[in-house]
Amino acid sequence: MSTLLGFDWIGVVDFLPQLGVGMLFTLLISVVGLVIGFVLGAIFGLARLSRFTLVNWIATAYIEVVRGTPLLVQAIWLFFALPLIIQYTLPSVLAGIIVIGINSGAYIAEIVRGAVQSIDKGQMEAGRSLGMSHHVTMRKVIWPQAFKRMIPPLGNQFIISIKDTSLLSVILVPELLFQARTIASNQFNAVEIYTAVAVCYLAITLTLSGVLRLTEKRLELRA
Amino acid sequence: MIIDIKDLHKSFGTNEVLTSIDLSVEDGEVVCVIGPSGSGKSTLLRCMNRLEEITSGEVVVDGHRLTDPKLRIDTMRAEIGMVFQQFNLFPHKTVIENIMLAPQMVRRLGTEKARERGRALLRKVGLSDKELEYPSRLSGGQQQRVAIARALAMEPKIMLFDEPTSALDPELVGEVLAVMKDLALEGMTMVVVTHEMGFAREVGDRLIFMDEGRLVEQGNPGDVFDNPQETRTQAFLDKIL
């Protein structure tokens with residue numbers, strides 16, 4: 001088995017520590033980036049629903065610019081172009097986190113907006129008619145219901161963003177794919193290493209899918 | 001008089017849905033509003049707690065002009081309970097939590113005080129055993145009774161009912177009307193938009209007939225039902241009775 005199809009699969013074990021380091025960076029950037037993305041998404045998603053034209057316009061501009069340009073271009077711009085303007089190069093991991101955060105934030109903003117808008121108007125009216133402010137009704141009535149509806153599309157976005165971190169290898173973030181490329185170019189074991197990398201991504205995303213399914217089920221039990 | 005409406009006009013865009021409404025409601029009075037669909041009854045009701053902004057005229061509730069830009073509308077609404085056709089219970093909260101939320105958030109009532117008040121109100125509407133259920137597990141009639149209890153938890157001076165039984169199966173209408181009748185007997189000021197003519201006749205102190213955005217006729221329910229003065233009222237009553 002160790003030489004299935006003539007490749008040295010067992011040999012991959014030697015590189016597991018290095019792939020492990022890459023995986024840690026992938027997870028770090030995904031988690032921190034998505035936390036930032038969720039915060040940005042909540043802020044800009046609610047801003048898209050604002051009555052104030054300027055607030056609304058800023059949120060729309062953010063979403064359109066980010067959605068309308070490739071993540072790869074955003075990463076390269078931030079790491080290779082921005083330094084020429086501000087005379088300072090961001091550490092690559094930080095740049096990676098920022099790119100994932102800003103990028104996922106735009107998509108999450110649309111998820112948040114859609115979920116909030118999907119809540120029946122009568123809910124806001126009921127809250128307001130009881131004397132609760134717009135803000136309190138939003139926080140206590142609309143948001144909890146909207147959040148439940150966000151979970152499936154959020155899970156989708158999380159998985160997309162996790163896979164997108166692989167693009168950060170071009171700005172020298174030492175994540176999973178970057179490590180694999182380093183190994184493969186020295187060891188000429190592309191088949192084994194890149195297969196291992198695919199399995200690693202799959203392990204992360206399948207775990208996340210499972211967690212999301214459980215969360216959904218738990219929330220479904222309550223009404 | 002606790003509600004005083006003068007020359008109220010309301011338009012949605014170029015479509016005028018309320019035309020020159022004059023109406024006052026006395027403290028403790030039960031006023032029922034009937035009329036064909038699209039006659040503006042619900043809109044009129046929603047102008048009384050500013051769920052709809054009025055186009056012109058004046059709405060004074062408990063001495064406060066609702067159009068006053070300095071008015072704190074949330075404080076005002078806390079005194080005006082509203083019950084909706086579609087109940088609008090909070091589906092993510094249990095029955096008791098539905099009732100407790102506003103007293104806690106607006107009146108700053110402690111959890112235990114709010115719970116006590118909620119339980120007392122659930123007894124009143126006959127749903128003590130449903131305290132911990134979620135709304136989706138209740139029948140329409142039960143949901144509407146919870147919605148009434150939720151509004152009462154703010155101890156309002158006025159209760160507005162917007163077709164409270166129109167979304168109910170026929171056999172569930174009675175239990176909701178019974179709760180409303182009790183409330184009327186306790187002296188609550190009520191404005192009820194309804195299609196329940198029996199309730200309007202029996203419980204109402206005054207009946208108002210609206211058509212095409214105008215207040216066409218008003219008076220003692222018995223008189224209006226038995227001896228309508230306006231041909232439009234006659235025509236409407238002929239169709240439904």
# chains A, B, ... in the order shown; residues from 1 in each chain; ligands from 1
$ interface_residues --of "chain B" --to "chain A" --cutoff "8 Å" --atoms "only C-alpha atoms" --output "JSON, numbers by chain"
{"B": [49, 51, 73, 74, 75, 76, 77, 78, 79, 80, 81, 82, 84, 86, 88, 89, 90, 91, 92, 102, 105, 106, 134, 135, 136, 151, 154]}
$ residues_around --residues "Lys181 (chain B)" --least-positions-apart "4" --cutoff "9 Å" --atoms "only C-alpha atoms" --output "ChimeraX atom specification"
/B:176-177,185-186,199,203
$ write_last_selection --atoms "N, CA and C atoms" --output "mmCIF file, in the first residue's frame"
data_model
loop_
_atom_site.group_PDB
_atom_site.id
_atom_site.type_symbol
_atom_site.label_atom_id
_atom_site.label_comp_id
_atom_site.auth_asym_id
_atom_site.auth_seq_id
_atom_site.Cartn_x
_atom_site.Cartn_y
_atom_site.Cartn_z
ATOM 1 N N VAL B 176 -61.275 34.385 22.363
ATOM 2 C CA VAL B 176 -60.601 35.680 22.313
ATOM 3 C C VAL B 176 -61.586 36.803 22.641
ATOM 4 N N LEU B 177 -62.779 36.706 22.064
ATOM 5 C CA LEU B 177 -63.790 37.729 22.339
ATOM 6 C C LEU B 177 -64.158 37.742 23.828
ATOM 7 N N LEU B 185 -65.430 45.030 30.483
ATOM 8 C CA LEU B 185 -66.202 45.132 31.719
ATOM 9 C C LEU B 185 -65.372 45.730 32.854
ATOM 10 N N GLU B 186 -64.041 45.541 32.771
ATOM 11 C CA GLU B 186 -63.171 46.123 33.797
ATOM 12 C C GLU B 186 -62.984 47.619 33.601
ATOM 13 N N PHE B 199 -70.167 40.991 18.776
ATOM 14 C CA PHE B 199 -69.335 41.624 19.799
ATOM 15 C C PHE B 199 -69.568 43.132 19.817
ATOM 16 N N VAL B 203 -70.882 44.408 23.287
ATOM 17 C CA VAL B 203 -69.851 44.961 24.173
ATOM 18 C C VAL B 203 -69.569 46.440 23.889
#
$ select_by_dssp --residues "region 21-81 of chain B" --states "strand (DSSP E)" --output "ChimeraX atom specification"
/B:21-25,30-34,56-61,64-65,80-81
$ closest_residue --among "A:Ile108, A:Val65, A:Ile151, A:Leu19" --to "Tyr201 (chain A)" --atoms "only C-alpha atoms"
A:Leu19
$ closest_residue --among "A:Thr60, A:Ser209, A:Ser50, A:Thr195" --to "Gln117 (chain A)" --atoms "only C-alpha atoms"
A:Ser50
$ residues_around --residues "Val170 (chain A)" --least-positions-apart "2" --cutoff "10 Å" --atoms "only C-alpha atoms" --output "ChimeraX atom specification"
/A:72,75-76,79,92,166-168,172-174,177-178
$ residues_around --residues "Gly101 (chain A)" --least-positions-apart "6" --cutoff "9 Å" --atoms "only C-alpha atoms" --output "short mmCIF file (atom, residue, chain, number, x, y, z; two decimals) with N, CA, C and O atoms, in the first residue's frame"
data_model
loop_
_atom_site.label_atom_id
_atom_site.label_comp_id
_atom_site.auth_asym_id
_atom_site.auth_seq_id
_atom_site.Cartn_x
_atom_site.Cartn_y
_atom_site.Cartn_z
N ILE A 29 -5.61 32.24 10.51
CA ILE A 29 -6.10 33.28 9.61
C ILE A 29 -7.59 33.15 9.37
O ILE A 29 -8.32 34.14 9.33
N SER A 30 -8.06 31.91 9.25
CA SER A 30 -9.50 31.70 9.04
C SER A 30 -10.30 32.20 10.23
O SER A 30 -11.26 32.96 10.07
N VAL A 32 -9.46 34.19 12.93
CA VAL A 32 -9.39 35.64 13.22
C VAL A 32 -10.03 36.43 12.08
O VAL A 32 -10.79 37.37 12.30
N GLY A 33 -9.73 36.02 10.85
CA GLY A 33 -10.30 36.72 9.70
C GLY A 33 -11.82 36.68 9.69
O GLY A 33 -12.48 37.67 9.42
N LEU A 34 -12.38 35.51 10.02
CA LEU A 34 -13.84 35.39 9.99
C LEU A 34 -14.51 36.12 11.16
O LEU A 34 -15.63 36.61 11.03
N VAL A 35 -13.80 36.18 12.31
CA VAL A 35 -14.35 36.97 13.42
C VAL A 35 -14.44 38.43 12.99
O VAL A 35 -15.47 39.10 13.15
N ILE A 36 -13.35 38.92 12.39
CA ILE A 36 -13.36 40.30 11.87
C ILE A 36 -14.44 40.44 10.80
O ILE A 36 -15.21 41.40 10.78
N GLY A 37 -14.52 39.45 9.92
CA GLY A 37 -15.52 39.48 8.85
C GLY A 37 -16.93 39.53 9.39
O GLY A 37 -17.78 40.25 8.87
N PHE A 38 -17.18 38.79 10.47
CA PHE A 38 -18.53 38.77 11.04
C PHE A 38 -18.88 40.13 11.64
O PHE A 38 -19.99 40.64 11.45
N VAL A 39 -17.90 40.71 12.35
CA VAL A 39 -18.13 42.03 12.94
C VAL A 39 -18.39 43.06 11.83
O VAL A 39 -19.37 43.81 11.88
N LEU A 40 -17.52 43.05 10.82
CA LEU A 40 -17.72 43.97 9.69
C LEU A 40 -19.06 43.71 9.01
O LEU A 40 -19.79 44.63 8.66
#
$ select_by_dssp --residues "region 142-175 of chain B" --states "alpha helix (DSSP H)" --output "CSV table (one decimal) with N, CA, C and O atoms, in the first residue's frame"
chain,number,residue,atom,x,y,z
B,142,GLN,N,-55.2,30.7,21.3
B,142,GLN,CA,-54.3,30.8,22.4
B,142,GLN,C,-53.2,31.9,22.2
B,142,GLN,O,-52.9,32.7,23.1
B,143,GLN,N,-52.7,31.9,20.9
B,143,GLN,CA,-51.7,32.9,20.6
B,143,GLN,C,-52.2,34.3,20.8
B,143,GLN,O,-51.5,35.2,21.3
B,144,GLN,N,-53.4,34.5,20.3
B,144,GLN,CA,-54.0,35.9,20.4
B,144,GLN,C,-54.2,36.3,21.9
B,144,GLN,O,-54.1,37.4,22.3
B,145,ARG,N,-54.6,35.3,22.7
B,145,ARG,CA,-54.8,35.6,24.1
B,145,ARG,C,-53.5,36.0,24.8
B,145,ARG,O,-53.4,36.8,25.6
B,146,VAL,N,-52.4,35.3,24.4
B,146,VAL,CA,-51.1,35.6,24.9
B,146,VAL,C,-50.7,37.0,24.4
B,146,VAL,O,-50.2,37.9,25.2
B,147,ALA,N,-51.1,37.4,23.2
B,147,ALA,CA,-50.7,38.7,22.7
B,147,ALA,C,-51.5,39.8,23.5
B,147,ALA,O,-50.9,40.9,23.7
B,148,ILE,N,-52.7,39.5,23.9
B,148,ILE,CA,-53.5,40.4,24.7
B,148,ILE,C,-52.8,40.6,26.1
B,148,ILE,O,-52.6,41.7,26.6
B,149,ALA,N,-52.4,39.4,26.6
B,149,ALA,CA,-51.7,39.5,27.9
B,149,ALA,C,-50.4,40.3,27.8
B,149,ALA,O,-50.0,41.1,28.7
B,150,ARG,N,-49.7,40.1,26.7
B,150,ARG,CA,-48.4,40.8,26.5
B,150,ARG,C,-48.7,42.3,26.5
B,150,ARG,O,-47.9,43.1,27.1
B,151,ALA,N,-49.7,42.7,25.8
B,151,ALA,CA,-50.0,44.2,25.7
B,151,ALA,C,-50.4,44.7,27.1
B,151,ALA,O,-50.0,45.8,27.5
B,152,LEU,N,-51.2,43.9,27.8
B,152,LEU,CA,-51.7,44.3,29.2
B,152,LEU,C,-50.6,44.4,30.2
B,152,LEU,O,-50.7,45.1,31.2
B,170,PRO,N,-63.0,29.7,13.0
B,170,PRO,CA,-64.3,30.1,13.6
B,170,PRO,C,-64.4,29.6,15.0
B,170,PRO,O,-64.9,30.4,15.9
B,171,GLU,N,-64.0,28.4,15.3
B,171,GLU,CA,-64.3,27.9,16.6
B,171,GLU,C,-63.4,28.5,17.7
B,171,GLU,O,-63.6,28.3,18.9
B,172,LEU,N,-62.4,29.3,17.3
B,172,LEU,CA,-61.5,29.8,18.3
B,172,LEU,C,-61.8,31.3,18.5
B,172,LEU,O,-61.2,31.9,19.4
B,173,VAL,N,-62.7,31.9,17.8
B,173,VAL,CA,-63.0,33.3,17.9
B,173,VAL,C,-63.6,33.6,19.3
B,173,VAL,O,-63.2,34.6,19.9
B,174,GLY,N,-64.4,32.7,19.8
B,174,GLY,CA,-65.2,33.0,21.0
B,174,GLY,C,-64.2,33.2,22.2
B,174,GLY,O,-64.5,34.1,23.0
B,175,GLU,N,-63.2,32.4,22.3
B,175,GLU,CA,-62.3,32.5,23.5
B,175,GLU,C,-61.6,33.8,23.5
B,175,GLU,O,-61.4,34.4,24.6
$ atom_distance --atom1 "CA of Met1 (chain B)" --atom2 "CA of Gly187 (chain B)"
14.2 Å
$ residues_around --residues "region 8-18 of chain A" --least-positions-apart "4" --cutoff "10 Å" --atoms "only C-alpha atoms" --output "VMD selection string"
chain A and resid 1 to 4 22 to 24 174 to 176 179 to 180 182 to 183 189 191 to 193 195 to 196
$ write_last_selection --atoms "N, CA, C and O atoms" --output "compact mmCIF listing (two decimals), in the first residue's frame"
# COMPACT_ATOMS: atom_id res chain seq x y z
N MET A 1 0.82 -1.19 0.00
CA MET A 1 0.00 0.00 0.00
C MET A 1 0.86 1.25 0.00
O MET A 1 0.44 2.31 -0.47
N SER A 2 2.02 1.14 0.60
CA SER A 2 2.83 2.34 0.77
C SER A 2 3.29 2.90 -0.56
O SER A 2 3.68 4.05 -0.66
N THR A 3 3.23 2.09 -1.59
CA THR A 3 3.62 2.62 -2.90
C THR A 3 2.50 2.51 -3.92
O THR A 3 2.71 2.21 -5.07
N LEU A 4 1.29 2.77 -3.46
CA LEU A 4 0.13 2.72 -4.32
C LEU A 4 0.35 3.60 -5.53
O LEU A 4 0.74 4.76 -5.40
N GLY A 22 1.62 24.75 8.71
CA GLY A 22 0.80 25.41 7.70
C GLY A 22 -0.67 25.40 8.07
O GLY A 22 -1.37 26.40 7.95
N MET A 23 -1.10 24.24 8.58
CA MET A 23 -2.50 24.11 8.97
C MET A 23 -2.84 25.08 10.10
O MET A 23 -3.92 25.68 10.11
N LEU A 24 -1.90 25.23 11.04
CA LEU A 24 -2.14 26.17 12.14
C LEU A 24 -2.33 27.59 11.61
O LEU A 24 -3.21 28.33 12.06
N PRO A 174 2.65 31.80 5.45
CA PRO A 174 3.12 30.41 5.58
C PRO A 174 1.99 29.44 5.90
O PRO A 174 2.07 28.67 6.86
N GLU A 175 0.91 29.50 5.12
CA GLU A 175 -0.22 28.62 5.40
C GLU A 175 -0.04 27.27 4.70
O GLU A 175 1.02 27.00 4.13
N LEU A 176 -1.06 26.48 4.74
CA LEU A 176 -0.98 25.08 4.31
C LEU A 176 -0.44 24.92 2.89
O LEU A 176 0.53 24.19 2.65
N GLN A 179 3.27 25.94 2.49
CA GLN A 179 4.18 24.92 3.01
C GLN A 179 4.30 23.77 2.01
O GLN A 179 5.40 23.28 1.74
N ALA A 180 3.17 23.38 1.47
CA ALA A 180 3.17 22.26 0.53
C ALA A 180 4.00 22.58 -0.71
O ALA A 180 4.75 21.74 -1.21
N THR A 182 6.48 24.65 -0.90
CA THR A 182 7.89 24.63 -0.51
C THR A 182 8.43 23.20 -0.50
O THR A 182 9.49 22.91 -1.05
N ILE A 183 7.63 22.30 0.13
CA ILE A 183 8.06 20.90 0.22
C ILE A 183 8.17 20.28 -1.18
O ILE A 183 9.19 19.71 -1.55
N ASN A 189 7.71 15.61 -4.73
CA ASN A 189 6.65 14.66 -4.39
C ASN A 189 5.28 15.34 -4.49
O ASN A 189 4.46 15.25 -3.59
N VAL A 191 2.52 14.85 -6.11
CA VAL A 191 1.28 14.06 -6.01
C VAL A 191 0.93 13.79 -4.56
O VAL A 191 -0.19 14.05 -4.10
N GLU A 192 1.93 13.29 -3.81
CA GLU A 192 1.65 12.92 -2.42
C GLU A 192 1.32 14.16 -1.59
O GLU A 192 0.35 14.17 -0.81
N ILE A 193 2.12 15.21 -1.71
CA ILE A 193 1.95 16.38 -0.85
C ILE A 193 0.65 17.12 -1.16
O ILE A 193 -0.10 17.47 -0.26
N THR A 195 -1.99 15.94 -2.55
CA THR A 195 -3.12 15.12 -2.12
C THR A 195 -3.33 15.29 -0.62
O THR A 195 -4.46 15.48 -0.15
N ALA A 196 -2.21 15.26 0.12
CA ALA A 196 -2.31 15.44 1.57
C ALA A 196 -2.93 16.80 1.90
O ALA A 196 -3.77 16.92 2.82
$ residues_around --residues "Lys10 (chain B)" --least-positions-apart "3" --cutoff "8 Å" --atoms "only C-alpha atoms" --output "list in words"
Glu16, Val17, Leu18, Thr19, Glu53, Ile54, Thr55 and Ser56 of chain B
$ write_last_selection --atoms "all heavy atoms" --output "mmCIF file, in the first residue's frame"
data_model
loop_
_atom_site.group_PDB
_atom_site.id
_atom_site.type_symbol
_atom_site.label_atom_id
_atom_site.label_comp_id
_atom_site.auth_asym_id
_atom_site.auth_seq_id
_atom_site.Cartn_x
_atom_site.Cartn_y
_atom_site.Cartn_z
ATOM 1 N N GLU B 16 -55.146 58.836 -1.138
ATOM 2 C CA GLU B 16 -55.626 59.241 0.183
ATOM 3 C C GLU B 16 -56.469 58.128 0.776
ATOM 4 O O GLU B 16 -57.493 57.748 0.218
ATOM 5 C CB GLU B 16 -56.425 60.536 0.102
ATOM 6 C CG GLU B 16 -56.822 61.037 1.482
ATOM 7 C CD GLU B 16 -57.215 62.504 1.505
ATOM 8 O OE1 GLU B 16 -58.344 62.826 1.139
ATOM 9 O OE2 GLU B 16 -56.375 63.323 1.915
ATOM 10 N N VAL B 17 -56.051 57.586 1.922
ATOM 11 C CA VAL B 17 -56.775 56.475 2.527
ATOM 12 C C VAL B 17 -57.635 56.914 3.701
ATOM 13 O O VAL B 17 -58.551 56.205 4.104
ATOM 14 C CB VAL B 17 -55.821 55.352 2.982
ATOM 15 C CG1 VAL B 17 -55.183 54.680 1.775
ATOM 16 C CG2 VAL B 17 -54.751 55.877 3.920
ATOM 17 N N LEU B 18 -57.338 58.076 4.278
ATOM 18 C CA LEU B 18 -58.207 58.618 5.328
ATOM 19 C C LEU B 18 -58.498 60.073 4.996
ATOM 20 O O LEU B 18 -57.578 60.837 4.687
ATOM 21 C CB LEU B 18 -57.533 58.523 6.703
ATOM 22 C CG LEU B 18 -57.346 57.133 7.298
ATOM 23 C CD1 LEU B 18 -56.579 57.234 8.619
ATOM 24 C CD2 LEU B 18 -58.676 56.434 7.534
ATOM 25 N N THR B 19 -59.764 60.445 5.032
ATOM 26 C CA THR B 19 -60.149 61.796 4.643
ATOM 27 C C THR B 19 -60.909 62.471 5.775
ATOM 28 O O THR B 19 -61.968 62.004 6.184
ATOM 29 C CB THR B 19 -61.046 61.740 3.382
ATOM 30 O OG1 THR B 19 -60.365 61.005 2.368
ATOM 31 C CG2 THR B 19 -61.343 63.139 2.873
ATOM 32 N N GLU B 53 -47.533 57.464 10.247
ATOM 33 C CA GLU B 53 -47.422 58.918 10.383
ATOM 34 C C GLU B 53 -48.599 59.538 9.651
ATOM 35 O O GLU B 53 -48.918 59.134 8.533
ATOM 36 C CB GLU B 53 -46.111 59.413 9.759
ATOM 37 C CG GLU B 53 -44.851 58.821 10.377
ATOM 38 C CD GLU B 53 -44.468 59.507 11.687
ATOM 39 O OE1 GLU B 53 -45.107 60.525 12.023
ATOM 40 O OE2 GLU B 53 -43.548 58.999 12.367
ATOM 41 N N ILE B 54 -49.233 60.525 10.275
ATOM 42 C CA ILE B 54 -50.390 61.121 9.619
ATOM 43 C C ILE B 54 -49.922 62.187 8.632
ATOM 44 O O ILE B 54 -48.809 62.713 8.750
ATOM 45 C CB ILE B 54 -51.388 61.715 10.632
ATOM 46 C CG1 ILE B 54 -50.824 62.953 11.319
ATOM 47 C CG2 ILE B 54 -51.770 60.673 11.655
ATOM 48 C CD1 ILE B 54 -51.846 63.633 12.206
ATOM 49 N N THR B 55 -50.747 62.456 7.628
ATOM 50 C CA THR B 55 -50.374 63.434 6.605
ATOM 51 C C THR B 55 -50.729 64.851 7.068
ATOM 52 O O THR B 55 -49.937 65.772 6.915
ATOM 53 C CB THR B 55 -51.085 63.106 5.271
ATOM 54 O OG1 THR B 55 -50.799 61.736 4.943
ATOM 55 C CG2 THR B 55 -50.597 64.004 4.149
ATOM 56 N N SER B 56 -51.922 65.002 7.637
ATOM 57 C CA SER B 56 -52.261 66.300 8.227
ATOM 58 C C SER B 56 -53.354 66.097 9.257
ATOM 59 O O SER B 56 -53.961 65.024 9.341
ATOM 60 C CB SER B 56 -52.719 67.285 7.144
ATOM 61 O OG SER B 56 -53.971 66.883 6.643
#
$ closest_residue --among "B:Ala178, B:Met100, B:Ile5, B:Val125" --to "Lys113 (chain B)" --atoms "only C-alpha atoms"
B:Met100
$ residues_around --residues "region 57-60 of chain B" --least-positions-apart "5" --cutoff "8 Å" --atoms "only C-alpha atoms" --output "PyMOL selection string"
chain B and resi 2-9+20+47-48+65-67
$ atom_distance --atom1 "CA of Val30 (chain B)" --atom2 "CA of Asp205 (chain B)"
5.2 Å
$ atom_distance --atom1 "CA of Leu183 (chain B)" --atom2 "CA of Glu202 (chain B)"
13.5 Å
